[in-house]
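A.B. asks: What follows is a single structure, and I will ask about it in a moment.
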Amino acid sequence: MNSSAKRISIAIAVTALATFAASAVLVSVVERKQEARNPFFKVVELTDDIDDPAVWGKNFPMHYSSYKSTVDMVRTRYGGSEALPHTPSRMDPRHVVAQSKIEQDPRLKRMWLGYPFSVDFREERGHAYMFLDQQYSQRVTGFKQPGTCLNCHASVYLAYRKLGNGDLVAGFEKLSQMPYAEASRHAAQPVACIDCHDPKSMQLRITRPAFLEGIRVYKASQGVPNYDPNTMASTQEMRSFVCGQCHVEYYFQGPQKRLVFPWHKGLKVEEILAYYDEVRHKDFVHKESGAGVLKAQHPEFEMYNQGVHARSGVACADCHMPYRREGGLKISDHHVRSPLLNINRACQGCHHFPEQEMKDRVELIQTRFYKARNVAMDALMDLISDIKAARDAGAAGSQLEKAWDFQRKAQFYLDFVEAENSTGFHAPQEALRIVAESIDFSRRGQLTLRRK
Ligand code: HEC
Ligand code: HEC
Ligand code: HEC
Ligand code: HEC
Ligand code: HEC
């Protein structure tokens with residue numbers, strides 16, 4: 001080859017290489033864009049009849065593997081959960097359980113005397129345990145419970161549809177009325193992909209009739225009629241609503257044991273209590289005092305809604321399922337857990353302070369709350385002691401009615417923020433306001449017994 005021919009062939013080779021390189025970049029850009037829009041390889045065709053998360057996981061292996069991480073147990077100062085070894089027995093085959101809250105604070109046991117919570121109540125742990133922990137809780141093994149309990153402790157969307165011959169609400173009603181043991185045979189696993197996602201579009205969706213009904217009556221109380229989150233909510237709202245199907249205050253209504261969220265007058269503690277007073281609901285009669293009282297349960301959704309994060313449009317998923325990068329992808333972390341174990345992704349996207357500083361701020365809020373909560377707990381114990389003493393001294397029911405009503409109020413307010421699992425963080429000022437009113441109710445209850 002002469003030199004000019006050599007030069008030409010080199011030029012061609014260089015051009016070809018450059019073209020190849022350029023097109024390779026182009027292809028990968030196109031692929032990335034497509035991945036971002038449709039970030040998975042469709043391995044299986046998902047339908048509304050497949051509830052096994054392992055099958056969904058074939059299309060979304062990264063989501064599935066982080067979903068499975070909810071088995072982790074790590075303690076934070078006030079949250080997370082500690083893994084306690086447990087000797088398996090016939091009644092309770094668990095090898096590991098979370099710590100007992102009523103043993104840590106016996107005042108809780110006294111507050112709930114006459115109710116199953118005074119027998120067994122533990123710290124909550126990851127989603128992977130929700131079905132197991134319910135089945136083996138002494139609140140289930142030692143007491144009669146309805147199928148309704150499963151609504152928030154298992155993947156029941158498909159069971160509801162099957163039992164209702166396609167009608168979700170009919171199936172929900174059927175399962176709820178079965179005894180727990182029978183109902184639990186219709187469930188197999190904790191909350192799964194199908195409970196939060198539409199299998200075709202992967203859009204978030206609400207699958208629990210109690211939330212659909214609860215948010216409808218709540219919105220109606222705010223002047224918005226016929227609200228349906230599945231057609232009317234924004235994506236950002238759905239990122240909290242899916243959690244609000246379970247992390248809420250509830251009660252079982254009537255002999256049908258229908259699951260009802262008491263939001264008819266609003267989401268604040270006094271609005272919920274006003275509803276319970278109106279429908280004359282009580283959960284139990286306090287064993288020592290004889291008062292007809294209520295048990296509050298995990299009102300995370302209600303309390304979060306009173307805080308500055310909700311007001312600023314920050315959703316549960318922003319802190320508890322923050323985005324994380326996997327290759328070129330941004331995926332939602334399905335390892336739902338305490339954000340304090342994940343401050344970098346959960347908080348620092350918005351707050352530009354060092355991790356330690358963010359942690360300190362949260363713990364300061366929690367410690368202040370916890371101290372106030374202890375004052376309220378002592379006040380409630382004093383009220384219960386006084387009512388008991390009056391009863392023992394022969395006081396009639398009519399003489400105790402006012403004190404009983406104050407106990408009902410004081411106890412519900414305190415339990416509301418106690419059962420709320422953020423130790424005051426989701427709405428710090430609201431939590432302290434509620435504790436302050438609880439203390440006042442307890443002390444005023446004591447006064448009614450002194451003024452004859
Ligand atoms: C601004 C961030 C943020 C938002 C929004 C938020 N949380 Fe939290 N949440 C926290 C923090 C911080 C804690 C305290 C964790 C700890 O003490 O370890 C917490 C605690 C919890 C806990 C107890 C966790 C544990 O490990 O003990 C639950 C359950 C929970 N939140 C549910 C929710 C739900 C449901 C929503 C929406 C209705 C929500 N959170 C909204 C930050 C947030
Ligand atoms: C189907 C009901 C259900 C739904 C939906 C649900 N949770 Fe939970 N969640 C539970 C139950 C039940 C537990 C306690 C499980 C246990 O202790 O065995 C729990 C536990 C938790 C914990 C404690 C984890 C730990 O490691 O201590 C957090 C945090 C939490 N949920 C946040 C959320 C958030 C955020 C959402 C929405 C994205 C959500 N949950 C949706 C029922 C639900
Ligand atoms: C509206 C949803 C909902 C219903 C209905 C529900 N739970 Fe739960 N349950 C939760 C959530 C959320 C948690 C985790 C937060 C917590 O422990 O406070 C939880 C935690 C638990 C735990 C673990 C912590 C503990 O309390 O020891 C047990 C056990 C439990 N529930 C039993 C039951 C039983 C029994 C029923 C029926 C009487 C029931 N649940 C009904 C939502 C629900
Ligand atoms: C408790 C509800 C819940 C469960 C259960 C759940 N997800 Fe999600 N998922 C979410 C939320 C919240 C988002 C964020 C959605 C958004 O921002 O539009 C999400 C987002 C996604 C996305 C969209 C891309 C992304 O990462 O944001 C995929 C894909 C996904 N989930 C797959 C799964 C799979 C697979 C499972 C079962 C292994 C599963 N999810 C279980 C709540 C859930
Ligand atoms: C999507 C953005 C966003 C995320 C994520 C977020 N925050 Fe915030 N945070 C805000 C906004 C907005 C405010 C309101 C104050 C303001 O406007 O500056 C706020 C206020 C606060 C406050 C002061 C208000 C109060 O409630 O006392 C604290 C403390 C705080 N955030 C902690 C956290 C922690 C801890 C996390 C992670 C678990 C977190 N935030 C995650 C946006 C966010």
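Chain labels follow the order of the structure tokens: the first chain is A, the next B, and so on; residue numbering restarts at 1 in every chain, and ligands are counted from 1 in their shown order.
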Might you pull out every residue within 8 Å of stretch 288-300 of chain A, with only C-alpha atoms counted and same-chain residues fewer than 5 positions away left off, and present them as number ranges by chain?

C.D. replies: A: 112-113, 244, 247-250, 281-283, 384-385, 387-388, 391, 404-405, 407-408, 411-412, 415-417, 419-422, 426

A.B. asks: Around ligand 3, out to 6 Å and counting only C-alpha atoms and all ligand atoms, which residues are there? I want them as a ChimeraX atom specification.

C.D. replies: /A:121-124,133-134,137,139-140,145,148-149,151-152,246-248,250,298,419

A.B. asks: Find the distance between atom CA of A:Lys219 and atom CA of A:Ile272 and write it in Å to one decimal.

C.D. replies: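 Pair atom CA of A:Lys219 / atom CA of A:Ile272 returns 14.3 Å.
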
A.B. asks: Check which residues fall inside 7 Å of ligand 5 when counting only C-alpha atoms and all ligand atoms, and print them as a ChimeraX atom specification.

C.D. replies: /A:307-309,312,314,318-319,339-340,343,346-351,358-359,361-362,425-428

A.B. asks: Put those residues in a file: C-alpha atoms, as a tab-separated table (two decimals), in the first residue's frame.

C.D. replies:
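Output (selection14.tsv):
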chain	number	residue	atom	x	y	z
A	307	GLY	CA	-47.44	18.54	60.93
A	308	VAL	CA	-45.38	20.92	58.81
A	309	HIS	CA	-44.18	18.16	56.47
A	312	SER	CA	-45.38	21.31	52.80
A	314	VAL	CA	-43.89	15.90	51.91
A	318	ASP	CA	-40.47	10.66	50.86
A	319	CYS	CA	-39.03	9.77	54.28
A	339	PRO	CA	-35.76	7.13	58.37
A	340	LEU	CA	-33.14	7.58	61.08
A	343	ILE	CA	-30.93	9.96	56.96
A	346	ALA	CA	-34.56	10.27	53.68
A	347	CYS	CA	-33.77	13.82	54.81
A	348	GLN	CA	-30.70	15.29	53.16
A	349	GLY	CA	-32.34	15.67	49.78
A	350	CYS	CA	-34.25	18.57	51.38
A	351	HIS	CA	-32.28	19.49	54.53
A	358	MET	CA	-30.46	15.86	61.62
A	359	LYS	CA	-30.42	12.93	63.99
A	361	ARG	CA	-32.79	17.43	65.93
A	362	VAL	CA	-35.13	14.47	65.73
A	425	PHE	CA	-41.82	13.67	65.40
A	426	HIS	CA	-44.59	13.65	62.79
A	427	ALA	CA	-46.23	16.72	64.38
A	428	PRO	CA	-44.19	17.92	67.38

A.B. asks: Skip stretch 221-235 of chain A itself and residues of its chain fewer than 6 positions away, then list as a ChimeraX atom specification all residues within 8 Å of it, counting only C-alpha atoms.

C.D. replies: /A:204-206,212,215,264-266

A.B. asks: Check which residues of chain A sit at most 7 Å from ligand 2 using only C-alpha atoms and all ligand atoms, and return one row each with the closest pair of atoms and their distance in Å to one decimal, ordered by chain and rising number, as JSON lines.

C.D. replies:
{"residue": "A:Thr70", "atom": "CA", "partner": "ligand 2", "partner_atom_place_in_ligand_line": "26 (O)", "distance": 6.4}
{"residue": "A:Asp72", "atom": "CA", "partner": "ligand 2", "partner_atom_place_in_ligand_line": "26 (O)", "distance": 6.8}
{"residue": "A:Met73", "atom": "CA", "partner": "ligand 2", "partner_atom_place_in_ligand_line": "26 (O)", "distance": 6.0}
{"residue": "A:Gly79", "atom": "CA", "partner": "ligand 2", "partner_atom_place_in_ligand_line": "27 (O)", "distance": 6.6}
{"residue": "A:Gly80", "atom": "CA", "partner": "ligand 2", "partner_atom_place_in_ligand_line": "27 (O)", "distance": 4.1}
{"residue": "A:Ser81", "atom": "CA", "partner": "ligand 2", "partner_atom_place_in_ligand_line": "27 (O)", "distance": 5.2}
{"residue": "A:Glu123", "atom": "CA", "partner": "ligand 2", "partner_atom_place_in_ligand_line": "17 (O)", "distance": 6.6}
{"residue": "A:Glu124", "atom": "CA", "partner": "ligand 2", "partner_atom_place_in_ligand_line": "17 (O)", "distance": 3.4}
{"residue": "A:Arg125", "atom": "CA", "partner": "ligand 2", "partner_atom_place_in_ligand_line": "27 (O)", "distance": 3.6}
{"residue": "A:Gly126", "atom": "CA", "partner": "ligand 2", "partner_atom_place_in_ligand_line": "26 (O)", "distance": 3.8}
{"residue": "A:His127", "atom": "CA", "partner": "ligand 2", "partner_atom_place_in_ligand_line": "15 (C)", "distance": 4.9}
{"residue": "A:Ala128", "atom": "CA", "partner": "ligand 2", "partner_atom_place_in_ligand_line": "18 (O)", "distance": 6.9}
{"residue": "A:Tyr129", "atom": "CA", "partner": "ligand 2", "partner_atom_place_in_ligand_line": "18 (O)", "distance": 4.0}
{"residue": "A:Met130", "atom": "CA", "partner": "ligand 2", "partner_atom_place_in_ligand_line": "18 (O)", "distance": 3.5}
{"residue": "A:Phe131", "atom": "CA", "partner": "ligand 2", "partner_atom_place_in_ligand_line": "18 (O)", "distance": 6.7}
{"residue": "A:Leu132", "atom": "CA", "partner": "ligand 2", "partner_atom_place_in_ligand_line": "18 (O)", "distance": 6.8}
{"residue": "A:Asp133", "atom": "CA", "partner": "ligand 2", "partner_atom_place_in_ligand_line": "18 (O)", "distance": 4.8}
{"residue": "A:Gln134", "atom": "CA", "partner": "ligand 2", "partner_atom_place_in_ligand_line": "18 (O)", "distance": 6.9}
{"residue": "A:Asn151", "atom": "CA", "partner": "ligand 2", "partner_atom_place_in_ligand_line": "1 (C)", "distance": 6.4}
{"residue": "A:Cys152", "atom": "CA", "partner": "ligand 2", "partner_atom_place_in_ligand_line": "2 (C)", "distance": 3.7}
{"residue": "A:His153", "atom": "CA", "partner": "ligand 2", "partner_atom_place_in_ligand_line": "12 (C)", "distance": 4.8}
{"residue": "A:Ala154", "atom": "CA", "partner": "ligand 2", "partner_atom_place_in_ligand_line": "1 (C)", "distance": 6.1}
{"residue": "A:Ser155", "atom": "CA", "partner": "ligand 2", "partner_atom_place_in_ligand_line": "1 (C)", "distance": 6.8}
{"residue": "A:Val191", "atom": "CA", "partner": "ligand 2", "partner_atom_place_in_ligand_line": "1 (C)", "distance": 4.9}
{"residue": "A:Arg239", "atom": "CA", "partner": "ligand 2", "partner_atom_place_in_ligand_line": "38 (C)", "distance": 6.6}
{"residue": "A:Ser240", "atom": "CA", "partner": "ligand 2", "partner_atom_place_in_ligand_line": "37 (C)", "distance": 6.3}
{"residue": "A:Val242", "atom": "CA", "partner": "ligand 2", "partner_atom_place_in_ligand_line": "37 (C)", "distance": 5.4}
{"residue": "A:Cys243", "atom": "CA", "partner": "ligand 2", "partner_atom_place_in_ligand_line": "37 (C)", "distance": 3.4}
{"residue": "A:Gly244", "atom": "CA", "partner": "ligand 2", "partner_atom_place_in_ligand_line": "5 (C)", "distance": 7.0}
{"residue": "A:Gln245", "atom": "CA", "partner": "ligand 2", "partner_atom_place_in_ligand_line": "5 (C)", "distance": 5.5}
{"residue": "A:Cys246", "atom": "CA", "partner": "ligand 2", "partner_atom_place_in_ligand_line": "2 (C)", "distance": 4.3}
{"residue": "A:His247", "atom": "CA", "partner": "ligand 2", "partner_atom_place_in_ligand_line": "7 (N)", "distance": 6.1}
{"residue": "A:Cys316", "atom": "CA", "partner": "ligand 2", "partner_atom_place_in_ligand_line": "35 (C)", "distance": 5.0}
{"residue": "A:Ala317", "atom": "CA", "partner": "ligand 2", "partner_atom_place_in_ligand_line": "38 (C)", "distance": 5.3}
{"residue": "A:His320", "atom": "CA", "partner": "ligand 2", "partner_atom_place_in_ligand_line": "35 (C)", "distance": 4.9}
{"residue": "A:Met321", "atom": "CA", "partner": "ligand 2", "partner_atom_place_in_ligand_line": "35 (C)", "distance": 6.6}
{"residue": "A:Val336", "atom": "CA", "partner": "ligand 2", "partner_atom_place_in_ligand_line": "29 (C)", "distance": 5.6}
{"residue": "A:Arg337", "atom": "CA", "partner": "ligand 2", "partner_atom_place_in_ligand_line": "29 (C)", "distance": 4.0}
{"residue": "A:Ser338", "atom": "CA", "partner": "ligand 2", "partner_atom_place_in_ligand_line": "29 (C)", "distance": 5.0}

A.B. asks: May I have the residues within 7 Å of ligand 4, computed using only C-alpha atoms and all ligand atoms, as a ChimeraX atom specification?

C.D. replies: /A:53-54,56-57,60,63-64,67,191-193,195-197,202-204,235-236,239,242-243,317,321,330-334

A.B. asks: Expressed in Å to a single decimal, how great is the separation between atom CA of A:Gly142 and atom 20 (C, counted along the ligand's line) of ligand 1?

C.D. replies: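 Atom-to-atom, atom CA of A:Gly142 and atom 20 (C, counted along the ligand's line) of ligand 1 are spaced 29.3 Å apart.
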
A.B. asks: Measuring between only C-alpha atoms and all ligand atoms, which one of A:Arg110, A:His186, A:Arg311, A:Arg216 shows the shortest distance to ligand 1?

C.D. replies: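 Of all the options, A:Arg311 lies closest to ligand 1.
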
A.B. asks: Could you go through stretch 91-287 of chain A and tell me which residues DSSP, when run on the backbone, assigns to alpha helix (DSSP H), listing them as a ChimeraX atom specification?

C.D. replies: /A:101-104,106-111,130-135,138-141,157-163,168-177,180-184,193-196,209-221,229-232,235-241,269-278

A.B. asks: Which is closer to ligand 1 than all the others in A:Ala170, A:Ile102, A:Ala188, A:Met238, using only C-alpha atoms and all ligand atoms?

C.D. replies: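 Ranked by minimum distance to ligand 1, first place goes to A:Met238.
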
A.B. asks: Nearest to A:Gln189 among A:Asp92, A:Asp440, A:Asp51, A:Glu326, with distances taken over only C-alpha atoms: which residue is it?

C.D. replies: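 Checking each candidate against A:Gln189, we get A:Asp51 as the closest.
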